[in-house]
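Below: one structure, written as structure tokens.
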Amino acid sequence: MPTTPSSPNQSGVPDRDEAAVAEDGRVPLHRRKAAKADRLAELMGTRVDEGQISGIWIDAFRRMRRNPMAITGAVIVVVFVVVALLSPLLAPYSPTSQAWGSEVFPNRNEFVGPRAENWLGLDHLGRDLYSRFVIGARQTLMVGVVATLVGFFFGALLGGAAGSCAVLGGRWGARVDNVLMRIIDMMLALPTLLLAVTVAALVGPSLTTVMLAVGIAQIPIFARLLRGAMLAQGNRDYVLAAQSLGVRKRKIALTHILPNSMGPVIVQSTLTLATAIIDAAALSYLGLGNPDASSPEWGTMLAEAQRFLSTAPALAVYPALGIIITALGFTLLGESLREALDPKLRK
Amino acid sequence: MSSNTPLLEVEELSVAFGGRGSTPVRAVDGVSFSLEEGKVTGLVGESGCGKSVTSLALMGLLPERGVEVGGRAVMQLPKGPEDLLSLPQRRMRDLRGSQLAMIFQDPLSSLNPVVPIGRQVTEILKRHRGMRGQAARKEAADLLHRVGIPDPARRLDEYPHQLSGGMRQRALIAMAVACRPKLMIADEPTTALDVTIQAQILELLRDLVTEEGTALLMITHDLGVVAGLCDDINVLYAGRAVERAPRRPLFAEPTHPYTVGLLGSIPRLDAPRGEPLSPVRGSVNDNIDWTDGCAFAPRCDHYTMECLQGPPPLVERGDRDHVHRCVNPVGNAGVAERTTLETSAVVGEEEDR
Amino acid sequence: MSLLEIKDLKVHFPIERGVLVDRVVGHVRAVDGVSLSIERGQTYGLVGESGCGKTTLGRAVLRLNPVTEGQVWFGGNDLAELDTETMRRERKNLQMVFQDPLGSLNPRQNIGSILMEGLQTHGIGEGESRSQVQQDRHNRVVAALERVGLSDRALKRYPHEFSGGQRQRIGIARALVLRPDLIICDEPVSALDVSIQAQVLNLLEELQDELDLTYLVIAHDLAVVRHVSDVVGVMYLGELVEEASSDDIYATPLHPYTRTLMSAVPVPDPSVEDTRERILLAGDLPSPADPPAGCRFHTRCPWRQEERCDTERPELRTLRGAEPGSTHRVACHYAEEILSGKIRPSEEHAERIVSGE
């Protein structure tokens, strides 16, 4: 007698007037039955959550909303993105205009600090530091996003191919997976900076170089992560169940294994945004970044400020703080997302 | 120790999880039982009934934050009776291993994977009995031999992954009995094991109890295991004991509908074939709050209006030993509404043949 | 003719070692020469402890594991010989119910999509237009859901919103919706609470009566298997050691391993528990990568005899002197002598034997 547990009162006809009659004690049996079923439904009703559709992501979002770490991260990221997108409107002056060039004499250690017209002061060429900082946010965001996208796309492609071959391909699949993973291992063995310097040396210093270099360095991380997640999912019973239903292998890989493996990869991309920003800054600092003064980048600004570190540390502090806080924002967001998606912490 | 004071007397133990903001979840709610030396007490129930939380509370292993433990658990220690629930953490650490020991369900995850078995045993001997060097090693080998591990001297140097599941559980038991604790708590000790290995481990536990006079608290979901091992049995449902009796009366004349339902749910090897089982309907999540009435009412086939008016008390049934928490127990239930239960009651009586 | 006939099935998994190129260093003989047949409308119960190869056998029938050797005859085809694509289509006639009800449902699919998948895959559904086909499929899914005791409100919900028992019902509905001839149930109840186990077992029996299903039930719990099965096969270390009707195997277990297994199953009744025979085996299961020569059970058998048990592998046979047509088969050289009590179990080969009254 299988019954749905959510409806244990088959006989219960909700009827309040008759339930009231039950109080005098001597009422027909069926009335008494209805009354008690009513009462039970009432007591259980408080805990039956009807039709609440919740998925993994909605759950994660609910959990993150209560997490101060996630909120902090989100606020930083939102502020950063808004500033970056609206930078032309926010910047009061052109980043290249040396309007106050006559007030700054680096060789005499004369710099101009914050004042009413230049909120963050002037740089060593007499340009408005605030305008450069705001415009730089846009460059930094672009480097981070494009580099992450490059890493994500190619990494997911490689890792997804390796993972689905390993899980579903049988003997040959295992071999393909083996070859792909050895290639990825080789990429992983190259230090990020070395790889970036090589790419930069081949293409010449530019923003594209930085984005490509940082992105390529992220490929093996994404690939390994996705492959690992796919292997773990491939051993789950639902994949076996799909196979025993007769679902085609390609479909199993795309509709079953892949969507369930994306969680860690998406978390990784928020974290990668942070590392990409730092890496890009490092590359620019090394002089591989965009030499064009009209689109300053925080890393380039930092590199330029280095010469005046002892006399005008503020020039270095602003871009450095920008990099640190932005990276922190993305890291906080990524970490809290990882935590919110962690199956061990979910109920 | 006088024979009339039990070794451990648990009174109204309650554990509530969750704190700030959300309403606390009462995982265990007023559970009372006692443990005597050389006797086995069983806690039986399905997932979520609070049996494991009970054991962790007694061992003082619950996290300190967000958990509220109430009630008393008075244990007769060498220096006089003390309430385990109110002892400071440091005292509990000394007691665990020496006076209290616990055996867990999964032997592999309860053993440290990178330390040889021998070291894990001698560590306990060192900590609680002050034994060192060769003496400790010899004692460890004796212990392994005692729990039926062949070739113990060689096993001392092996790592947990080199042992089979049954051997690991034996090693774990060896560690538990290393200091001859007065009280052992076994939390589903055989659930992860095969039946033939389960039989070996149960036999070992039985021997330890009769030979060493240890008191054993056996926590399991398996009524079959309980029937062969336990002297006293508590059936738990949604955090409260719903029936408590010595094993023979419990199996011969179960009175709480939940116990009856559980017994009716188990396919028995010796039962004639072809009869459908008579399970409890619904699932363990379909219950109401104990404060509103009997938590089992939604799954019970003959609940009445009385069942839904406040928490049912524990009632003695004839003799003192057999108590149940039911206002409408099987056996003297309202005749009109127990037709569906009739079949399982009949099965219950047939078992007594 | 039997619905499913397995002949001398072997599934060996290679053990590979190596840094760059894998070398095969041995084989795990998970299933090593099993023959059995299942009649239409029957339930065949396969019982054995972990590592005996029962799950591998079940999966090999569906070709979820590669078959090393042997034949699997089903509906006039040898499944072991079919190419991948034909096998994939054939799977609509053979379905499987899994042990872990949550793990076997994709957490990102709602119940409707889980149940619909099989129908879509095999293009099942009648109707002229697309929407009619859709409607027909929807009806089939709802019918299957109602069969297992759930309502169509479940369609839009996700697996984690259900209790363990309900999830297993969904797993059964997924198998049912294709109207298969054979359902392989791999430990269908062992992950469930006791009271839920009985519900699912009853459900399986009801469905069999209504839909004339054939089951291959794989479980470690002898009591469960005996309760649901018509024929019981006992496996040990990759081979079938005894096969008999459910009543016979309980009344007269012939193989020493079956006797031990039976004596180890606890019965929820103190008076039975106190008096029954208990045979405790010494030692553990040998590795299936290196199974013992001769009778596989001889290393742990309390009834073991000199010579023959160590060297000669016993065949699955009926008892000498059994009435013709007997279906009780056993793989033991000395089954007759053990049955008549001529050979007694020896204490030196077992850890302990507690004799019943």
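Identifiers in this document derive from the order of the structure tokens: chains are assigned A, B, ..., residues are numbered from 1 separately in each chain, and ligands are numbered from 1 in order of occurrence.
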
At a cut-off of 12 Å, list the chain B residues touching chain A, using only C-alpha atoms, as a PDB file with N, CA and C atoms, in the first residue's frame.
ATOM      1  N   PRO B 276       3.329 -10.861   2.327  1.00  0.00           N
ATOM      2  CA  PRO B 276       3.916  -9.536   2.174  1.00  0.00           C
ATOM      3  C   PRO B 276       4.301  -8.972   3.539  1.00  0.00           C
ATOM      4  N   LEU B 277       5.274  -8.103   3.520  1.00  0.00           N
ATOM      5  CA  LEU B 277       5.691  -7.461   4.768  1.00  0.00           C
ATOM      6  C   LEU B 277       4.637  -6.436   5.158  1.00  0.00           C
ATOM      7  N   SER B 278       4.629  -6.072   6.426  1.00  0.00           N
ATOM      8  CA  SER B 278       3.669  -5.047   6.839  1.00  0.00           C
ATOM      9  C   SER B 278       4.424  -3.840   7.363  1.00  0.00           C
ATOM     10  N   PRO B 279       4.857  -2.998   6.432  1.00  0.00           N
ATOM     11  CA  PRO B 279       5.724  -1.888   6.825  1.00  0.00           C
ATOM     12  C   PRO B 279       4.959  -0.724   7.451  1.00  0.00           C
ATOM     13  N   VAL B 280       5.723   0.172   8.049  1.00  0.00           N
ATOM     14  CA  VAL B 280       5.173   1.438   8.496  1.00  0.00           C
ATOM     15  C   VAL B 280       5.079   2.307   7.256  1.00  0.00           C
ATOM     16  N   ARG B 281       3.998   3.053   7.112  1.00  0.00           N
ATOM     17  CA  ARG B 281       3.937   3.871   5.903  1.00  0.00           C
ATOM     18  C   ARG B 281       4.675   5.204   6.116  1.00  0.00           C
ATOM     19  N   GLY B 282       4.818   5.920   5.032  1.00  0.00           N
ATOM     20  CA  GLY B 282       5.484   7.219   5.120  1.00  0.00           C
ATOM     21  C   GLY B 282       6.975   7.076   5.371  1.00  0.00           C
ATOM     22  N   SER B 283       7.622   8.181   5.670  1.00  0.00           N
ATOM     23  CA  SER B 283       9.046   8.129   5.947  1.00  0.00           C
ATOM     24  C   SER B 283       9.342   8.854   7.250  1.00  0.00           C
ATOM     25  N   VAL B 284      10.585   8.707   7.726  1.00  0.00           N
ATOM     26  CA  VAL B 284      10.926   9.259   9.037  1.00  0.00           C
ATOM     27  C   VAL B 284      10.770  10.778   9.117  1.00  0.00           C
ATOM     28  N   ASN B 285      10.682  11.420   7.941  1.00  0.00           N
ATOM     29  CA  ASN B 285      10.518  12.875   7.994  1.00  0.00           C
ATOM     30  C   ASN B 285       9.072  13.292   8.243  1.00  0.00           C
ATOM     31  N   ASP B 286       8.155  12.322   8.067  1.00  0.00           N
ATOM     32  CA  ASP B 286       6.753  12.672   8.253  1.00  0.00           C
ATOM     33  C   ASP B 286       6.390  12.578   9.721  1.00  0.00           C
ATOM     34  N   ASN B 287       6.817  13.533  10.505  1.00  0.00           N
ATOM     35  CA  ASN B 287       6.382  13.486  11.894  1.00  0.00           C
ATOM     36  C   ASN B 287       5.953  14.866  12.333  1.00  0.00           C
ATOM     37  N   ILE B 288       5.280  14.905  13.459  1.00  0.00           N
ATOM     38  CA  ILE B 288       4.891  16.200  13.993  1.00  0.00           C
ATOM     39  C   ILE B 288       5.751  16.468  15.223  1.00  0.00           C
ATOM     40  N   ASP B 289       5.690  17.658  15.711  1.00  0.00           N
ATOM     41  CA  ASP B 289       6.497  18.020  16.857  1.00  0.00           C
ATOM     42  C   ASP B 289       6.006  17.291  18.104  1.00  0.00           C
ATOM     43  N   TRP B 290       6.950  16.807  18.923  1.00  0.00           N
ATOM     44  CA  TRP B 290       6.532  16.089  20.133  1.00  0.00           C
ATOM     45  C   TRP B 290       5.654  16.962  21.029  1.00  0.00           C
ATOM     46  N   THR B 291       5.872  18.268  20.978  1.00  0.00           N
ATOM     47  CA  THR B 291       5.065  19.117  21.866  1.00  0.00           C
ATOM     48  C   THR B 291       3.612  19.162  21.414  1.00  0.00           C
ATOM     49  N   ASP B 292       3.370  18.872  20.118  1.00  0.00           N
ATOM     50  CA  ASP B 292       1.990  18.888  19.629  1.00  0.00           C
ATOM     51  C   ASP B 292       1.273  17.573  19.881  1.00  0.00           C
ATOM     52  N   GLY B 293       2.042  16.520  19.996  1.00  0.00           N
ATOM     53  CA  GLY B 293       1.428  15.210  20.156  1.00  0.00           C
ATOM     54  C   GLY B 293       2.455  14.144  19.851  1.00  0.00           C
ATOM     55  N   CYS B 294       1.997  12.950  19.563  1.00  0.00           N
ATOM     56  CA  CYS B 294       2.918  11.852  19.284  1.00  0.00           C
ATOM     57  C   CYS B 294       3.552  12.069  17.911  1.00  0.00           C
ATOM     58  N   ALA B 295       4.886  12.105  17.874  1.00  0.00           N
ATOM     59  CA  ALA B 295       5.567  12.371  16.607  1.00  0.00           C
ATOM     60  C   ALA B 295       5.278  11.290  15.578  1.00  0.00           C
ATOM     61  N   PHE B 296       4.923  10.121  16.044  1.00  0.00           N
ATOM     62  CA  PHE B 296       4.714   8.999  15.136  1.00  0.00           C
ATOM     63  C   PHE B 296       3.307   9.008  14.536  1.00  0.00           C
ATOM     64  N   ALA B 297       2.424   9.836  15.074  1.00  0.00           N
ATOM     65  CA  ALA B 297       1.019   9.811  14.673  1.00  0.00           C
ATOM     66  C   ALA B 297       0.799   9.825  13.153  1.00  0.00           C
ATOM     67  N   PRO B 298       1.532  10.656  12.394  1.00  0.00           N
ATOM     68  CA  PRO B 298       1.268  10.690  10.948  1.00  0.00           C
ATOM     69  C   PRO B 298       1.512   9.362  10.253  1.00  0.00           C
ATOM     70  N   ARG B 299       2.307   8.503  10.853  1.00  0.00           N
ATOM     71  CA  ARG B 299       2.593   7.228  10.204  1.00  0.00           C
ATOM     72  C   ARG B 299       1.847   6.090  10.888  1.00  0.00           C
ATOM     73  N   CYS B 300       1.127   6.425  11.947  1.00  0.00           N
ATOM     74  CA  CYS B 300       0.500   5.400  12.756  1.00  0.00           C
ATOM     75  C   CYS B 300      -0.866   5.078  12.178  1.00  0.00           C
ATOM     76  N   ASP B 301      -1.223   3.794  12.194  1.00  0.00           N
ATOM     77  CA  ASP B 301      -2.501   3.418  11.598  1.00  0.00           C
ATOM     78  C   ASP B 301      -3.671   3.591  12.550  1.00  0.00           C
ATOM     79  N   HIS B 302      -3.412   3.736  13.817  1.00  0.00           N
ATOM     80  CA  HIS B 302      -4.561   3.907  14.697  1.00  0.00           C
ATOM     81  C   HIS B 302      -4.338   5.015  15.718  1.00  0.00           C
ATOM     82  N   TYR B 303      -3.899   6.143  15.194  1.00  0.00           N
ATOM     83  CA  TYR B 303      -3.810   7.295  16.086  1.00  0.00           C
ATOM     84  C   TYR B 303      -5.213   7.820  16.354  1.00  0.00           C
ATOM     85  N   THR B 304      -5.392   8.429  17.478  1.00  0.00           N
ATOM     86  CA  THR B 304      -6.694   9.008  17.805  1.00  0.00           C
ATOM     87  C   THR B 304      -6.499  10.478  18.142  1.00  0.00           C
ATOM     88  N   MET B 305      -7.582  11.121  18.470  1.00  0.00           N
ATOM     89  CA  MET B 305      -7.516  12.536  18.822  1.00  0.00           C
ATOM     90  C   MET B 305      -6.612  12.746  20.035  1.00  0.00           C
ATOM     91  N   GLU B 306      -6.617  11.764  20.951  1.00  0.00           N
ATOM     92  CA  GLU B 306      -5.780  11.898  22.160  1.00  0.00           C
ATOM     93  C   GLU B 306      -4.302  11.965  21.805  1.00  0.00           C
ATOM     94  N   CYS B 307      -3.922  11.276  20.726  1.00  0.00           N
ATOM     95  CA  CYS B 307      -2.507  11.249  20.343  1.00  0.00           C
ATOM     96  C   CYS B 307      -2.022  12.637  19.943  1.00  0.00           C
ATOM     97  N   LEU B 308      -2.959  13.506  19.574  1.00  0.00           N
ATOM     98  CA  LEU B 308      -2.568  14.811  19.040  1.00  0.00           C
ATOM     99  C   LEU B 308      -2.720  15.918  20.069  1.00  0.00           C
ATOM    100  N   GLN B 309      -2.912  15.502  21.341  1.00  0.00           N
ATOM    101  CA  GLN B 309      -3.058  16.542  22.349  1.00  0.00           C
ATOM    102  C   GLN B 309      -1.877  16.518  23.310  1.00  0.00           C
ATOM    103  N   GLY B 310      -0.831  17.150  22.919  1.00  0.00           N
ATOM    104  CA  GLY B 310       0.329  17.247  23.791  1.00  0.00           C
ATOM    105  C   GLY B 310       1.177  15.984  23.765  1.00  0.00           C
ATOM    106  N   GLY B 334      -8.068   0.929  20.536  1.00  0.00           N
ATOM    107  CA  GLY B 334      -9.470   1.017  20.139  1.00  0.00           C
ATOM    108  C   GLY B 334      -9.722   0.034  19.012  1.00  0.00           C
ATOM    109  N   VAL B 335     -10.631  -0.890  19.248  1.00  0.00           N
ATOM    110  CA  VAL B 335     -10.807  -2.003  18.328  1.00  0.00           C
ATOM    111  C   VAL B 335     -11.235  -1.519  16.948  1.00  0.00           C
ATOM    112  N   ALA B 336     -12.033  -0.489  16.926  1.00  0.00           N
ATOM    113  CA  ALA B 336     -12.627  -0.072  15.661  1.00  0.00           C
ATOM    114  C   ALA B 336     -11.595   0.360  14.631  1.00  0.00           C
ATOM    115  N   GLU B 337     -10.466   0.848  15.091  1.00  0.00           N
ATOM    116  CA  GLU B 337      -9.567   1.481  14.134  1.00  0.00           C
ATOM    117  C   GLU B 337      -8.248   0.755  13.945  1.00  0.00           C
ATOM    118  N   THR B 340      -6.051  -2.298  10.018  1.00  0.00           N
ATOM    119  CA  THR B 340      -4.861  -2.369   9.175  1.00  0.00           C
ATOM    120  C   THR B 340      -3.675  -2.932   9.934  1.00  0.00           C
TER     121      THR B 340
END

Mind listing as an NGL selection string which residues of chain C are within 6 Å of chain A, counting only C-alpha atoms? :C and (88 or 91 or 103-106 or 118 or 121 or 149-150)

For chain B, list the residues within 7 Å of chain C, counting only C-alpha atoms, and write the list as number ranges by chain. B: 46-47, 194-196, 199-200, 223-225, 227-228, 247-248, 251, 262, 265-269, 273, 276-277, 279-280, 283, 351

As a PyMOL selection string, please: the residues near Pro95 (chain A) (cut-off 7 Å, only C-alpha atoms, same-chain neighbours under 4 positions excluded). chain A and resi 127-128+131-132+294

Go ahead and write the selection's residues with all heavy atoms as a PDB file, in the first residue's frame.
ATOM      1  N   ARG A 127      50.378  64.574 -14.748  1.00  0.00           N
ATOM      2  CA  ARG A 127      49.054  64.143 -15.184  1.00  0.00           C
ATOM      3  C   ARG A 127      48.185  63.888 -13.959  1.00  0.00           C
ATOM      4  O   ARG A 127      48.684  63.556 -12.887  1.00  0.00           O
ATOM      5  CB  ARG A 127      49.164  62.878 -16.042  1.00  0.00           C
ATOM      6  CG  ARG A 127      49.895  63.135 -17.343  1.00  0.00           C
ATOM      7  CD  ARG A 127      50.137  61.860 -18.098  1.00  0.00           C
ATOM      8  NE  ARG A 127      51.056  60.969 -17.393  1.00  0.00           N
ATOM      9  CZ  ARG A 127      51.699  59.971 -17.996  1.00  0.00           C
ATOM     10  NH1 ARG A 127      51.499  59.715 -19.272  1.00  0.00           N
ATOM     11  NH2 ARG A 127      52.524  59.205 -17.319  1.00  0.00           N
ATOM     12  N   ASP A 128      46.859  64.004 -14.158  1.00  0.00           N
ATOM     13  CA  ASP A 128      45.951  63.821 -13.024  1.00  0.00           C
ATOM     14  C   ASP A 128      45.899  62.342 -12.642  1.00  0.00           C
ATOM     15  O   ASP A 128      45.488  61.494 -13.431  1.00  0.00           O
ATOM     16  CB  ASP A 128      44.558  64.315 -13.398  1.00  0.00           C
ATOM     17  CG  ASP A 128      43.596  64.130 -12.240  1.00  0.00           C
ATOM     18  OD1 ASP A 128      43.991  64.409 -11.092  1.00  0.00           O
ATOM     19  OD2 ASP A 128      42.447  63.681 -12.489  1.00  0.00           O
ATOM     20  N   SER A 131      42.338  60.513 -12.623  1.00  0.00           N
ATOM     21  CA  SER A 131      41.829  60.138 -13.947  1.00  0.00           C
ATOM     22  C   SER A 131      42.528  58.891 -14.455  1.00  0.00           C
ATOM     23  O   SER A 131      41.906  57.962 -14.971  1.00  0.00           O
ATOM     24  CB  SER A 131      42.055  61.268 -14.941  1.00  0.00           C
ATOM     25  OG  SER A 131      41.459  62.439 -14.465  1.00  0.00           O
ATOM     26  N   ARG A 132      43.846  58.850 -14.280  1.00  0.00           N
ATOM     27  CA  ARG A 132      44.603  57.684 -14.741  1.00  0.00           C
ATOM     28  C   ARG A 132      44.197  56.432 -13.984  1.00  0.00           C
ATOM     29  O   ARG A 132      44.065  55.345 -14.555  1.00  0.00           O
ATOM     30  CB  ARG A 132      46.096  57.931 -14.591  1.00  0.00           C
ATOM     31  CG  ARG A 132      46.643  58.935 -15.602  1.00  0.00           C
ATOM     32  CD  ARG A 132      48.121  59.158 -15.443  1.00  0.00           C
ATOM     33  NE  ARG A 132      48.947  57.992 -15.769  1.00  0.00           N
ATOM     34  CZ  ARG A 132      49.200  57.596 -17.002  1.00  0.00           C
ATOM     35  NH1 ARG A 132      48.681  58.230 -18.027  1.00  0.00           N
ATOM     36  NH2 ARG A 132      49.956  56.547 -17.219  1.00  0.00           N
ATOM     37  N   SER A 294      48.035  56.410 -23.285  1.00  0.00           N
ATOM     38  CA  SER A 294      46.642  56.840 -23.217  1.00  0.00           C
ATOM     39  C   SER A 294      45.741  55.812 -22.534  1.00  0.00           C
ATOM     40  O   SER A 294      44.643  56.135 -22.118  1.00  0.00           O
ATOM     41  CB  SER A 294      46.122  57.124 -24.622  1.00  0.00           C
ATOM     42  OG  SER A 294      46.094  55.909 -25.345  1.00  0.00           O
TER      43      SER A 294
END

Do you know which residues are at most 12 Å from Glu139 (chain B) counting only C-alpha atoms, after dropping those on the same chain fewer than 2 positions away, and could you put them as a PyMOL selection string? chain B and resi 118-119+121-126+129-137+141-146+152-153+156+174-175+177-179

I'd like to know which residues of region 81-197 of chain A are alpha helix (DSSP H) (by DSSP, run on the backbone); could you write them as JSON, numbers by chain? {"A": [81, 82, 83, 84, 85, 87, 88, 89, 90, 129, 130, 131, 132, 133, 134, 135, 136, 137, 138, 139, 140, 141, 142, 143, 144, 145, 146, 147, 148, 149, 150, 151, 152, 153, 154, 155, 156, 157, 158, 159, 160, 161, 162, 163, 164, 165, 166, 167, 168, 170, 171, 172, 173, 174, 175, 176, 177, 178, 179, 180, 181, 182, 183, 184, 185, 186, 187, 188, 189, 192, 193, 194, 195, 196, 197]}

What is the CA of Ala253 (chain A)-CA of Ile124 (chain C) distance in Å, reported with one decimal?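 Going from CA of Ala253 (chain A) over to CA of Ile124 (chain C), I get 22.2 Å.
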
Write out as a list in words which residues come within 9 Å of Val72 (chain C) when counting only C-alpha atoms, dropping same-chain ones fewer than 6 positions away.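 The contact residues come out as Leu4, Glu5, Ile6, Lys7, Asp8, Leu9, Ala60, Val61, Asp78, Leu79, Ala80 and Glu81 of chain C.
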
Selected residue, from B:Gly97, B:Pro311, B:Gly18, B:Pro6, that lies nearest to Val74 (chain B) when counting only C-alpha atoms: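 Going through B:Gly97, B:Pro311, B:Gly18, B:Pro6 one by one, the smallest distance to Val74 (chain B) is for B:Pro6.
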
So that I can check the surroundings of region 158-166 of chain B, please list as number ranges by chain every protein, DNA and RNA residue that reaches within 8 Å of it, counting only C-alpha atoms and ignoring chain neighbours fewer than 3 positions away. B: 107-108, 111-118, 154-155, 169-170, 193, 197-198, 201; C: 284

Extract, using only C-alpha atoms, all DNA, RNA and protein residues at most 10 Å from region 35-40 of chain C, discarding same-chain residues fewer than 3 positions from it, and format them as a PyMOL selection string. chain C and resi 1-10+32+43-45+70-74+181-182+212-216+230-231+233+239-240+243+316

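Atom pair CA of Ala320 (chain A) / CA of Pro106 (chain A) has a distance of 20.3 Å (rounded to one decimal).
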
Could you jot down the CA of Ala215 (chain B) to CA of Asp232 (chain B) separation for me, Å, one decimal place?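 Computing the Euclidean distance for CA of Ala215 (chain B) and CA of Asp232 (chain B) yields 11.6 Å.
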